[in-house]
>>> print(open('run-v2.pdb').read())   # PDB, C-alpha atoms
ATOM      1  CA  MET A  24     -26.133  11.203 221.207
ATOM      2  CA  THR A  25     -26.767  11.621 217.513
ATOM      3  CA  THR A  26     -24.253  12.784 214.979
ATOM      4  CA  ALA A  27     -24.426  16.248 213.443
ATOM      5  CA  LEU A  28     -28.069  17.110 212.846
ATOM      6  CA  GLY A  29     -27.460  17.895 209.213
ATOM      7  CA  SER A  30     -25.976  14.469 208.475
ATOM      8  CA  ARG A  31     -28.139  11.888 210.222
ATOM      9  CA  GLY A  32     -26.935   8.402 209.383
ATOM     10  CA  ALA A  33     -24.074   9.735 207.276
ATOM     11  CA  LEU A  34     -21.588   7.173 208.566
ATOM     12  CA  ARG A  35     -21.430   4.354 206.081
ATOM     13  CA  LEU A  36     -20.221   1.217 207.750
ATOM     14  CA  ARG A  37     -19.299  -0.748 204.677
ATOM     15  CA  LEU A  38     -15.665   0.056 205.523
ATOM     16  CA  LEU A  39     -16.105   0.299 209.278
ATOM     17  CA  CYS A  40     -18.271  -2.585 210.473
ATOM     18  CA  SER A  41     -15.370  -5.002 210.819
ATOM     19  CA  LEU A  42     -17.244  -8.071 211.852
ATOM     20  CA  LYS A  43     -14.825 -10.759 210.710
ATOM     21  CA  SER A  44     -12.099 -12.117 212.919
ATOM     22  CA  GLY A  45      -9.568  -9.558 214.012
ATOM     23  CA  LEU A  46     -11.924  -6.677 213.196
ATOM     24  CA  GLU A  47     -10.265  -6.174 209.830
ATOM     25  CA  VAL A  48     -11.864  -4.031 207.139
ATOM     26  CA  PRO A  49     -13.594  -6.363 204.656
ATOM     27  CA  ARG A  50     -12.853  -6.168 200.949
ATOM     28  CA  ALA A  51     -15.531  -5.146 198.504
ATOM     29  CA  ARG A  52     -17.528  -8.059 197.153
ATOM     30  CA  PRO A  53     -19.378  -8.624 193.892
ATOM     31  CA  ALA A  54     -22.842  -7.143 193.608
ATOM     32  CA  ALA A  55     -24.258 -10.669 193.398
ATOM     33  CA  ALA A  56     -23.402 -11.121 197.070
ATOM     34  CA  PHE A  57     -26.011  -8.532 197.988
ATOM     35  CA  GLY A  58     -29.771  -8.943 197.977
ATOM     36  CA  THR A  59     -32.673  -6.572 198.316
ATOM     37  CA  SER A  60     -35.335  -8.747 199.997
ATOM     38  CA  VAL A  61     -36.331  -7.254 203.359
ATOM     39  CA  THR A  62     -39.073  -8.639 205.584
ATOM     40  CA  SER A  63     -40.831  -6.669 208.320
ATOM     41  CA  ALA A  64     -42.691  -8.046 211.307
ATOM     42  CA  LYS A  65     -43.637  -7.507 214.940
ATOM     43  CA  VAL A  66     -43.073  -9.910 217.818
ATOM     44  CA  ALA A  67     -44.056  -9.833 221.480
ATOM     45  CA  VAL A  68     -41.075  -9.120 223.733
ATOM     46  CA  ASN A  69     -41.207  -8.140 227.420
ATOM     47  CA  GLY A  70     -44.822  -7.004 227.286
ATOM     48  CA  VAL A  71     -44.598  -4.909 224.102
ATOM     49  CA  HIS A  72     -44.651  -5.640 220.376
ATOM     50  CA  LEU A  73     -41.316  -4.799 218.785
ATOM     51  CA  HIS A  74     -40.996  -4.084 215.090
ATOM     52  CA  TYR A  75     -37.986  -5.239 213.120
ATOM     53  CA  GLN A  76     -36.724  -5.597 209.574
ATOM     54  CA  ARG A  77     -34.720  -8.638 208.525
ATOM     55  CA  THR A  78     -32.610  -9.428 205.495
ATOM     56  CA  GLY A  79     -29.833 -11.800 204.488
ATOM     57  CA  GLU A  80     -29.163 -15.459 205.121
ATOM     58  CA  GLY A  81     -25.655 -15.510 206.569
ATOM     59  CA  GLU A  82     -24.652 -17.399 209.692
ATOM     60  CA  HIS A  83     -23.436 -14.204 211.349
ATOM     61  CA  ALA A  84     -26.410 -12.394 212.936
ATOM     62  CA  VAL A  85     -26.078  -8.618 213.185
ATOM     63  CA  LEU A  86     -28.457  -6.322 215.074
ATOM     64  CA  LEU A  87     -28.604  -2.638 214.074
ATOM     65  CA  LEU A  88     -29.443  -0.335 216.992
ATOM     66  CA  PRO A  89     -30.724   3.156 216.056
ATOM     67  CA  GLY A  90     -30.180   6.436 217.831
ATOM     68  CA  MET A  91     -32.474   8.824 219.657
ATOM     69  CA  LEU A  92     -35.922   8.877 217.996
ATOM     70  CA  GLY A  93     -34.561   6.620 215.269
ATOM     71  CA  SER A  94     -35.756   3.416 213.662
ATOM     72  CA  GLY A  95     -34.331   0.830 211.321
ATOM     73  CA  GLU A  96     -35.703   2.559 208.258
ATOM     74  CA  THR A  97     -34.591   6.087 209.202
ATOM     75  CA  ASP A  98     -31.128   5.237 210.539
ATOM     76  CA  PHE A  99     -29.885   2.181 208.679
ATOM     77  CA  GLY A 100     -31.108   2.194 205.091
ATOM     78  CA  PRO A 101     -27.585   1.869 203.592
ATOM     79  CA  GLN A 102     -26.602  -0.922 205.981
ATOM     80  CA  ILE A 103     -29.818  -2.882 205.389
ATOM     81  CA  LYS A 104     -29.219  -2.570 201.663
ATOM     82  CA  ASN A 105     -25.480  -3.107 201.443
ATOM     83  CA  LEU A 106     -24.273  -5.456 204.171
ATOM     84  CA  ASN A 107     -23.362  -8.770 202.590
ATOM     85  CA  LYS A 108     -26.428 -11.012 202.611
ATOM     86  CA  GLN A 109     -24.413 -14.206 202.263
ATOM     87  CA  LEU A 110     -22.204 -13.485 205.260
ATOM     88  CA  PHE A 111     -24.778 -11.813 207.499
ATOM     89  CA  THR A 112     -28.362 -12.040 208.642
ATOM     90  CA  VAL A 113     -29.175  -8.413 209.379
ATOM     91  CA  VAL A 114     -31.889  -7.308 211.794
ATOM     92  CA  ALA A 115     -32.781  -3.633 212.276
ATOM     93  CA  TRP A 116     -35.116  -3.025 215.185
ATOM     94  CA  ASP A 117     -37.278  -0.177 216.444
ATOM     95  CA  PRO A 118     -36.912   0.179 220.241
ATOM     96  CA  ARG A 119     -40.150   0.441 222.192
ATOM     97  CA  GLY A 120     -41.896   3.751 221.577
ATOM     98  CA  TYR A 121     -39.854   4.419 218.426
ATOM     99  CA  GLY A 122     -40.632   3.792 214.779
ATOM    100  CA  HIS A 123     -43.287   1.121 214.396
ATOM    101  CA  SER A 124     -42.801  -0.291 217.915
ATOM    102  CA  ARG A 125     -45.778   1.742 219.106
ATOM    103  CA  PRO A 126     -47.795   1.627 221.247
ATOM    104  CA  PRO A 127     -46.600   2.316 223.865
ATOM    105  CA  ASP A 128     -45.415   5.893 223.531
ATOM    106  CA  ARG A 129     -41.747   6.340 224.321
ATOM    107  CA  ASP A 130     -40.800   7.193 227.896
ATOM    108  CA  TYR A 131     -37.487   7.664 229.681
ATOM    109  CA  PRO A 132     -37.342   6.171 233.172
ATOM    110  CA  GLY A 133     -33.979   6.042 234.881
ATOM    111  CA  ASP A 134     -33.287   2.575 233.507
ATOM    112  CA  PHE A 135     -34.401   3.141 229.911
ATOM    113  CA  PHE A 136     -31.036   2.167 228.444
ATOM    114  CA  GLU A 137     -30.977  -1.068 230.451
ATOM    115  CA  ARG A 138     -34.565  -1.727 229.343
ATOM    116  CA  ASP A 139     -33.584  -1.222 225.701
ATOM    117  CA  ALA A 140     -30.607  -3.545 226.110
ATOM    118  CA  LYS A 141     -32.778  -6.306 227.550
ATOM    119  CA  ASP A 142     -35.411  -5.760 224.844
ATOM    120  CA  ALA A 143     -32.747  -5.975 222.127
ATOM    121  CA  VAL A 144     -31.209  -9.186 223.439
ATOM    122  CA  ASP A 145     -34.574 -10.795 224.121
ATOM    123  CA  LEU A 146     -35.800  -9.871 220.637
ATOM    124  CA  MET A 147     -32.877 -11.708 219.063
ATOM    125  CA  LYS A 148     -33.474 -14.696 221.318
ATOM    126  CA  VAL A 149     -37.148 -14.780 220.300
ATOM    127  CA  LEU A 150     -35.920 -14.813 216.699
ATOM    128  CA  LYS A 151     -33.813 -17.872 217.600
ATOM    129  CA  PHE A 152     -30.329 -16.420 217.150
ATOM    130  CA  LYS A 153     -27.736 -18.153 219.310
ATOM    131  CA  THR A 154     -25.321 -15.200 219.327
ATOM    132  CA  VAL A 155     -25.382 -11.741 217.778
ATOM    133  CA  SER A 156     -23.054  -8.885 216.841
ATOM    134  CA  LEU A 157     -24.125  -5.299 217.403
ATOM    135  CA  LEU A 158     -23.852  -2.121 215.319
ATOM    136  CA  GLY A 159     -25.045   0.742 217.496
ATOM    137  CA  TRP A 160     -24.909   4.474 217.061
ATOM    138  CA  SER A 161     -25.908   7.308 219.346
ATOM    139  CA  ASP A 162     -28.310   5.938 221.969
ATOM    140  CA  GLY A 163     -28.021   2.619 220.180
ATOM    141  CA  GLY A 164     -24.303   2.639 220.902
ATOM    142  CA  ILE A 165     -24.995   3.090 224.602
ATOM    143  CA  THR A 166     -27.557   0.296 224.475
ATOM    144  CA  ALA A 167     -25.004  -1.926 222.727
ATOM    145  CA  LEU A 168     -22.380  -1.277 225.405
ATOM    146  CA  ILE A 169     -24.831  -2.211 228.149
ATOM    147  CA  ALA A 170     -25.962  -5.322 226.299
ATOM    148  CA  ALA A 171     -22.359  -6.440 225.757
ATOM    149  CA  ALA A 172     -21.540  -5.901 229.434
ATOM    150  CA  LYS A 173     -24.632  -7.604 230.816
ATOM    151  CA  TYR A 174     -24.937 -10.451 228.324
ATOM    152  CA  PRO A 175     -21.301 -11.251 227.471
ATOM    153  CA  SER A 176     -21.910 -14.813 226.349
ATOM    154  CA  TYR A 177     -24.528 -13.677 223.840
ATOM    155  CA  ILE A 178     -22.750 -10.730 222.180
ATOM    156  CA  HIS A 179     -20.183 -11.830 219.598
ATOM    157  CA  LYS A 180     -18.666  -8.549 218.346
ATOM    158  CA  MET A 181     -19.590  -4.881 218.379
ATOM    159  CA  VAL A 182     -19.151  -1.614 216.490
ATOM    160  CA  ILE A 183     -20.368   1.607 218.112
ATOM    161  CA  TRP A 184     -20.223   5.266 217.134
ATOM    162  CA  GLY A 185     -21.599   8.503 218.560
ATOM    163  CA  ALA A 186     -21.993   6.964 222.030
ATOM    164  CA  ASN A 187     -21.160   8.227 225.499
ATOM    165  CA  ALA A 188     -20.940   6.549 228.898
ATOM    166  CA  TYR A 189     -21.704   9.619 231.007
ATOM    167  CA  VAL A 190     -23.215  13.110 230.786
ATOM    168  CA  THR A 191     -21.431  16.385 231.517
ATOM    169  CA  GLU A 192     -22.581  19.984 231.787
ATOM    170  CA  GLU A 193     -21.213  20.534 228.291
ATOM    171  CA  ASP A 194     -23.382  17.682 227.037
ATOM    172  CA  GLU A 195     -26.450  19.120 228.731
ATOM    173  CA  MET A 196     -25.950  22.421 226.918
ATOM    174  CA  ILE A 197     -25.769  20.558 223.617
ATOM    175  CA  TYR A 198     -28.939  18.603 224.393
ATOM    176  CA  GLN A 199     -30.856  21.719 225.309
ATOM    177  CA  GLY A 200     -29.816  23.154 221.959
ATOM    178  CA  ILE A 201     -31.777  20.473 220.100
ATOM    179  CA  ARG A 202     -34.892  20.472 222.320
ATOM    180  CA  ASP A 203     -36.858  22.591 219.833
ATOM    181  CA  VAL A 204     -37.143  20.465 216.684
ATOM    182  CA  SER A 205     -38.440  23.411 214.679
ATOM    183  CA  LYS A 206     -34.832  24.643 214.672
ATOM    184  CA  TRP A 207     -33.469  21.414 213.172
ATOM    185  CA  SER A 208     -32.409  21.339 209.563
ATOM    186  CA  GLU A 209     -35.142  20.327 207.154
ATOM    187  CA  LYS A 210     -33.057  17.398 205.924
ATOM    188  CA  THR A 211     -32.767  16.000 209.432
ATOM    189  CA  LYS A 212     -36.269  16.490 210.732
ATOM    190  CA  LYS A 213     -38.227  15.525 207.617
ATOM    191  CA  PRO A 214     -37.813  11.711 207.904
ATOM    192  CA  LEU A 215     -38.736  11.777 211.593
ATOM    193  CA  GLU A 216     -41.668  14.124 211.104
ATOM    194  CA  THR A 217     -42.911  11.834 208.318
ATOM    195  CA  LEU A 218     -42.546   8.800 210.564
ATOM    196  CA  TYR A 219     -44.117  10.228 213.700
ATOM    197  CA  GLY A 220     -46.098  13.316 212.839
ATOM    198  CA  TYR A 221     -44.907  16.656 214.155
ATOM    199  CA  ASP A 222     -46.558  16.526 217.588
ATOM    200  CA  TYR A 223     -45.209  13.120 218.642
ATOM    201  CA  PHE A 224     -41.805  13.932 217.168
ATOM    202  CA  SER A 225     -41.595  17.255 218.986
ATOM    203  CA  LYS A 226     -42.884  16.032 222.351
ATOM    204  CA  THR A 227     -40.726  12.922 222.323
ATOM    205  CA  CYS A 228     -37.606  14.948 221.594
ATOM    206  CA  GLU A 229     -38.373  17.154 224.594
ATOM    207  CA  LYS A 230     -38.888  14.063 226.752
ATOM    208  CA  TRP A 231     -35.606  12.628 225.491
ATOM    209  CA  VAL A 232     -33.697  15.758 226.473
ATOM    210  CA  ASP A 233     -35.150  15.529 229.978
ATOM    211  CA  GLY A 234     -34.481  11.788 230.070
ATOM    212  CA  ILE A 235     -30.834  11.983 229.058
ATOM    213  CA  THR A 236     -30.176  15.015 231.249
ATOM    214  CA  GLN A 237     -31.206  13.091 234.367
ATOM    215  CA  PHE A 238     -27.900  11.225 234.215
ATOM    216  CA  LYS A 239     -25.968  14.437 234.809
ATOM    217  CA  HIS A 240     -27.267  14.421 238.370
ATOM    218  CA  ARG A 241     -25.825  11.000 239.100
ATOM    219  CA  PRO A 242     -22.279  10.551 240.454
ATOM    220  CA  ASP A 243     -19.858  11.280 237.607
ATOM    221  CA  GLY A 244     -22.844  11.731 235.293
ATOM    222  CA  ASN A 245     -22.928   7.956 235.017
ATOM    223  CA  ILE A 246     -24.906   6.178 232.322
ATOM    224  CA  CYS A 247     -22.859   3.011 231.882
ATOM    225  CA  ARG A 248     -19.266   3.910 232.690
ATOM    226  CA  HIS A 249     -19.241   1.326 235.494
ATOM    227  CA  LEU A 250     -20.115  -1.401 232.979
ATOM    228  CA  LEU A 251     -17.387  -0.737 230.410
ATOM    229  CA  PRO A 252     -14.768  -2.995 232.063
ATOM    230  CA  LEU A 253     -17.273  -5.865 231.807
ATOM    231  CA  VAL A 254     -17.370  -5.775 228.004
ATOM    232  CA  GLN A 255     -15.585  -8.854 226.698
ATOM    233  CA  CYS A 256     -16.340  -8.946 222.971
ATOM    234  CA  PRO A 257     -14.091  -7.473 220.258
ATOM    235  CA  THR A 258     -15.154  -3.837 219.972
ATOM    236  CA  LEU A 259     -14.545  -1.130 217.390
ATOM    237  CA  ILE A 260     -15.236   2.451 218.493
ATOM    238  CA  VAL A 261     -15.790   4.987 215.716
ATOM    239  CA  HIS A 262     -15.818   8.766 216.059
ATOM    240  CA  GLY A 263     -16.119  11.560 213.529
ATOM    241  CA  GLU A 264     -14.547  14.949 213.996
ATOM    242  CA  LYS A 265     -17.684  16.573 212.583
ATOM    243  CA  ASP A 266     -19.923  15.024 215.234
ATOM    244  CA  SER A 267     -21.387  18.163 216.777
ATOM    245  CA  LEU A 268     -23.374  16.430 219.509
ATOM    246  CA  VAL A 269     -20.860  14.004 221.023
ATOM    247  CA  PRO A 270     -17.448  15.462 221.909
ATOM    248  CA  ARG A 271     -14.339  13.390 221.153
ATOM    249  CA  PHE A 272     -13.539  12.805 224.827
ATOM    250  CA  HIS A 273     -16.485  10.400 225.095
ATOM    251  CA  ALA A 274     -15.068   8.075 222.458
ATOM    252  CA  ASP A 275     -11.629   8.290 224.086
ATOM    253  CA  PHE A 276     -13.107   7.335 227.457
ATOM    254  CA  ILE A 277     -14.927   4.309 226.067
ATOM    255  CA  HIS A 278     -11.807   3.189 224.216
ATOM    256  CA  LYS A 279      -9.740   3.496 227.389
ATOM    257  CA  HIS A 280     -12.130   1.467 229.529
ATOM    258  CA  VAL A 281     -13.258  -1.258 227.121
ATOM    259  CA  ARG A 282     -10.356  -3.686 227.241
ATOM    260  CA  GLY A 283      -8.836  -4.545 223.896
ATOM    261  CA  SER A 284     -11.081  -2.186 221.951
ATOM    262  CA  ARG A 285      -9.940  -0.557 218.745
ATOM    263  CA  PHE A 286     -10.559   3.070 217.816
ATOM    264  CA  PHE A 287     -11.221   4.642 214.432
ATOM    265  CA  PHE A 288     -11.243   8.442 214.153
ATOM    266  CA  SER A 289     -11.967  10.319 210.965
ATOM    267  CA  ASP A 290     -11.793  14.019 210.195
ATOM    268  CA  CYS A 291     -14.160  13.573 207.257
ATOM    269  CA  ILE A 292     -17.233  12.276 209.116
TER     270      ILE A 292
END
>>> encode(input="run-v2.pdb", output="structure tokens")
Amino acid sequence: MTTALGSRGALRLRLLCSLKSGLEVPRARPAAAFGTSVTSAKVAVNGVHLHYQRTGEGEHAVLLLPGMLGSGETDFGPQIKNLNKQLFTVVAWDPRGYGHSRPPDRDYPGDFFERDAKDAVDLMKVLKFKTVSLLGWSDGGITALIAAAKYPSYIHKMVIWGANAYVTEEDEMIYQGIRDVSKWSEKTKKPLETLYGYDYFSKTCEKWVDGITQFKHRPDGNICRHLLPLVQCPTLIVHGEKDSLVPRFHADFIHKHVRGSRFFFSDCI
């Protein structure tokens, strides 16, 4: 679900988030094209109050979807800072139970990914965006895939990385290996411990492991594999060889089943 624990958020999408037509890699732009003004707010969506950060004034709306336990500020600092503010309006949200979208505490019913996808889309509609592109990693990548499949007319383009559409026994072993957050690297756990406090951080990680493992007991370990053929938007799938928590075969599977998707693999991330 997340990338290697020692390099949370290490992927820098300035060269990967190909949001212009044809999914080409954009050229570097002058520093004047970038701003630093970021607003934060909460809005009522589907019975909860969701926190988000917003920056930029471009016509192209982009929603940043964080990974397990993540938030806009912990997962997307470089993207919030560096995505072109003239081309894009960037929104980074905290899913319910994460970051500053509390209360409620985070839980993991069988439909939690579908719930996150609906929350994400409805948040952007509350903010009056007519269409939106998605940058999702880890759990946020799964949420993005579901949103693109279920709301095809609303999702413009998409970049995902560190996502998987099903859970295997190999995955379950990996998840169990991160259940105890005291064994995480200091660099990885410090931002989350600062955000949540140790107890909430620790207990929520344990609940996440149980929540994601439940999919292994479904036919073919299904999370959203049945939805992949329904994705219609241009999609870029990114995978790093050093991703210790999501094996390469997951990215290959998504690429195979999302029609017309493009795949970027790097041995340096």
>>> resolve_selection(input="run-v2.pdb", expression="the PyMOL selection byres ((chain A and resi 211-220) around 9)", output="list of chain:residue names")
A:Leu28, A:Gly29, A:Ser30, A:Arg31, A:Leu92, A:Gly93, A:Thr97, A:Tyr121, A:Gly122, A:His123, A:Val204, A:Ser205, A:Trp207, A:Ser208, A:Glu209, A:Lys210, A:Tyr221, A:Asp222, A:Tyr223, A:Phe224, A:Ser225
>>> closest_residue(input="run-v2.pdb", among="A:Ile277, A:Ala167, A:Ile235, A:Ala67", to="Ser124 of chain A", atoms="all atoms listed in the file")
A:Ala67
>>> atom_distance(input="run-v2.pdb", atom1="atom CA of Glu264 of chain A", atom2="atom CA of Trp184 of chain A")
11.7 Å
>>> closest_residue(input="run-v2.pdb", among="A:Gln102, A:Gln109, A:Ser267, A:Ser176", to="Gly79 of chain A", atoms="only C-alpha atoms")
A:Gln109
>>> resolve_selection(input="run-v2.pdb", expression="the PyMOL selection byres ((chain A and resi 139-142) around 9)", output="list in words")
Val68, Asn69, Leu73, Pro118, Arg119, Asp134, Phe135, Phe136, Glu137, Arg138, Ala143, Val144, Asp145, Leu146, Met147, Gly163, Ile165, Thr166, Ala167, Leu168, Ile169, Ala170, Ala171, Lys173 and Tyr174 of chain A
>>> write_last_selection(input="run-v2.pdb", atoms="C-alpha atoms", output="CSV table (one decimal), in the frame of the given file")
chain,number,residue,atom,x,y,z
A,68,VAL,CA,-41.1,-9.1,223.7
A,69,ASN,CA,-41.2,-8.1,227.4
A,73,LEU,CA,-41.3,-4.8,218.8
A,118,PRO,CA,-36.9,0.2,220.2
A,119,ARG,CA,-40.2,0.4,222.2
A,134,ASP,CA,-33.3,2.6,233.5
A,135,PHE,CA,-34.4,3.1,229.9
A,136,PHE,CA,-31.0,2.2,228.4
A,137,GLU,CA,-31.0,-1.1,230.5
A,138,ARG,CA,-34.6,-1.7,229.3
A,143,ALA,CA,-32.7,-6.0,222.1
A,144,VAL,CA,-31.2,-9.2,223.4
A,145,ASP,CA,-34.6,-10.8,224.1
A,146,LEU,CA,-35.8,-9.9,220.6
A,147,MET,CA,-32.9,-11.7,219.1
A,163,GLY,CA,-28.0,2.6,220.2
A,165,ILE,CA,-25.0,3.1,224.6
A,166,THR,CA,-27.6,0.3,224.5
A,167,ALA,CA,-25.0,-1.9,222.7
A,168,LEU,CA,-22.4,-1.3,225.4
A,169,ILE,CA,-24.8,-2.2,228.1
A,170,ALA,CA,-26.0,-5.3,226.3
A,171,ALA,CA,-22.4,-6.4,225.8
A,173,LYS,CA,-24.6,-7.6,230.8
A,174,TYR,CA,-24.9,-10.5,228.3
>>> resolve_selection(input="run-v2.pdb", expression="the PyMOL selection byres ((chain A and resi 236-251) around 6)", output="PDB file with C-alpha atoms, keeping the file's coordinate frame")
ATOM      1  CA  ALA A 172     -21.540  -5.901 229.434  1.00  0.00           C
ATOM      2  CA  ALA A 188     -20.940   6.549 228.898  1.00  0.00           C
ATOM      3  CA  TYR A 189     -21.704   9.619 231.007  1.00  0.00           C
ATOM      4  CA  VAL A 190     -23.215  13.110 230.786  1.00  0.00           C
ATOM      5  CA  THR A 191     -21.431  16.385 231.517  1.00  0.00           C
ATOM      6  CA  VAL A 232     -33.697  15.758 226.473  1.00  0.00           C
ATOM      7  CA  ASP A 233     -35.150  15.529 229.978  1.00  0.00           C
ATOM      8  CA  GLY A 234     -34.481  11.788 230.070  1.00  0.00           C
ATOM      9  CA  ILE A 235     -30.834  11.983 229.058  1.00  0.00           C
ATOM     10  CA  PRO A 252     -14.768  -2.995 232.063  1.00  0.00           C
ATOM     11  CA  LEU A 253     -17.273  -5.865 231.807  1.00  0.00           C
ATOM     12  CA  VAL A 254     -17.370  -5.775 228.004  1.00  0.00           C
ATOM     13  CA  HIS A 280     -12.130   1.467 229.529  1.00  0.00           C
ATOM     14  CA  VAL A 281     -13.258  -1.258 227.121  1.00  0.00           C
TER      15      VAL A 281
END
>>> residues_around(input="run-v2.pdb", residues="Asp203 of chain A", least_positions_apart="4", cutoff="10 Å", atoms="all atoms listed in the file", output="ChimeraX atom specification")
/A:198-199,207,225-226,228-229
>>> closest_residue(input="run-v2.pdb", among="A:Thr112, A:Thr227, A:Thr154, A:Gln76", to="Ser94 of chain A", atoms="only C-alpha atoms")
A:Gln76
>>> closest_residue(input="run-v2.pdb", among="A:Leu268, A:Val261, A:Lys65, A:Glu195", to="Pro126 of chain A", atoms="all atoms listed in the file")
A:Lys65
>>> atom_distance(input="run-v2.pdb", atom1="atom CA of Gly100 of chain A", atom2="atom CA of His83 of chain A")
19.2 Å
>>> decode(input="run-v2.pdb", residues="segment 260-273 of chain A", atoms="N, CA, C and O atoms", output="compact mmCIF listing (two decimals), in the first residue's frame")
# COMPACT_ATOMS: atom_id res chain seq x y z
N ILE A 260 0.34 4.76 -14.82
CA ILE A 260 0.63 3.90 -13.68
C ILE A 260 2.14 3.94 -13.43
O ILE A 260 2.93 3.68 -14.34
N VAL A 261 2.52 4.28 -12.22
CA VAL A 261 3.93 4.42 -11.86
C VAL A 261 4.29 3.35 -10.85
O VAL A 261 3.51 3.06 -9.93
N HIS A 262 5.48 2.76 -11.01
CA HIS A 262 5.95 1.79 -10.01
C HIS A 262 7.46 1.90 -9.84
O HIS A 262 8.19 2.06 -10.81
N GLY A 263 7.90 1.85 -8.61
CA GLY A 263 9.32 1.89 -8.30
C GLY A 263 9.85 0.54 -7.86
O GLY A 263 9.21 -0.16 -7.06
N GLU A 264 10.99 0.19 -8.38
CA GLU A 264 11.59 -1.09 -8.04
C GLU A 264 11.86 -1.21 -6.55
O GLU A 264 11.82 -2.31 -5.98
N LYS A 265 12.11 -0.09 -5.89
CA LYS A 265 12.44 -0.11 -4.46
C LYS A 265 11.21 -0.10 -3.57
O LYS A 265 11.34 -0.02 -2.34
N ASP A 266 10.03 -0.18 -4.15
CA ASP A 266 8.80 -0.26 -3.35
C ASP A 266 8.76 -1.61 -2.66
O ASP A 266 8.55 -2.65 -3.28
N SER A 267 8.96 -1.60 -1.35
CA SER A 267 9.06 -2.85 -0.60
C SER A 267 7.71 -3.37 -0.14
O SER A 267 7.63 -4.50 0.39
N LEU A 268 6.65 -2.60 -0.31
CA LEU A 268 5.35 -3.02 0.19
C LEU A 268 4.36 -3.40 -0.90
O LEU A 268 3.34 -4.01 -0.61
N VAL A 269 4.63 -3.03 -2.14
CA VAL A 269 3.73 -3.37 -3.23
C VAL A 269 4.54 -4.02 -4.35
O VAL A 269 5.26 -3.34 -5.08
N PRO A 270 4.45 -5.33 -4.50
CA PRO A 270 5.21 -6.02 -5.53
C PRO A 270 4.85 -5.54 -6.94
O PRO A 270 3.73 -5.07 -7.19
N ARG A 271 5.78 -5.67 -7.85
CA ARG A 271 5.64 -5.19 -9.23
C ARG A 271 4.41 -5.79 -9.93
O ARG A 271 3.78 -5.12 -10.76
N PHE A 272 4.04 -7.02 -9.60
CA PHE A 272 2.96 -7.66 -10.34
C PHE A 272 1.63 -6.90 -10.18
O PHE A 272 0.75 -6.99 -11.04
N HIS A 273 1.48 -6.14 -9.12
CA HIS A 273 0.25 -5.36 -8.95
C HIS A 273 0.15 -4.25 -9.99
O HIS A 273 -0.91 -4.05 -10.60
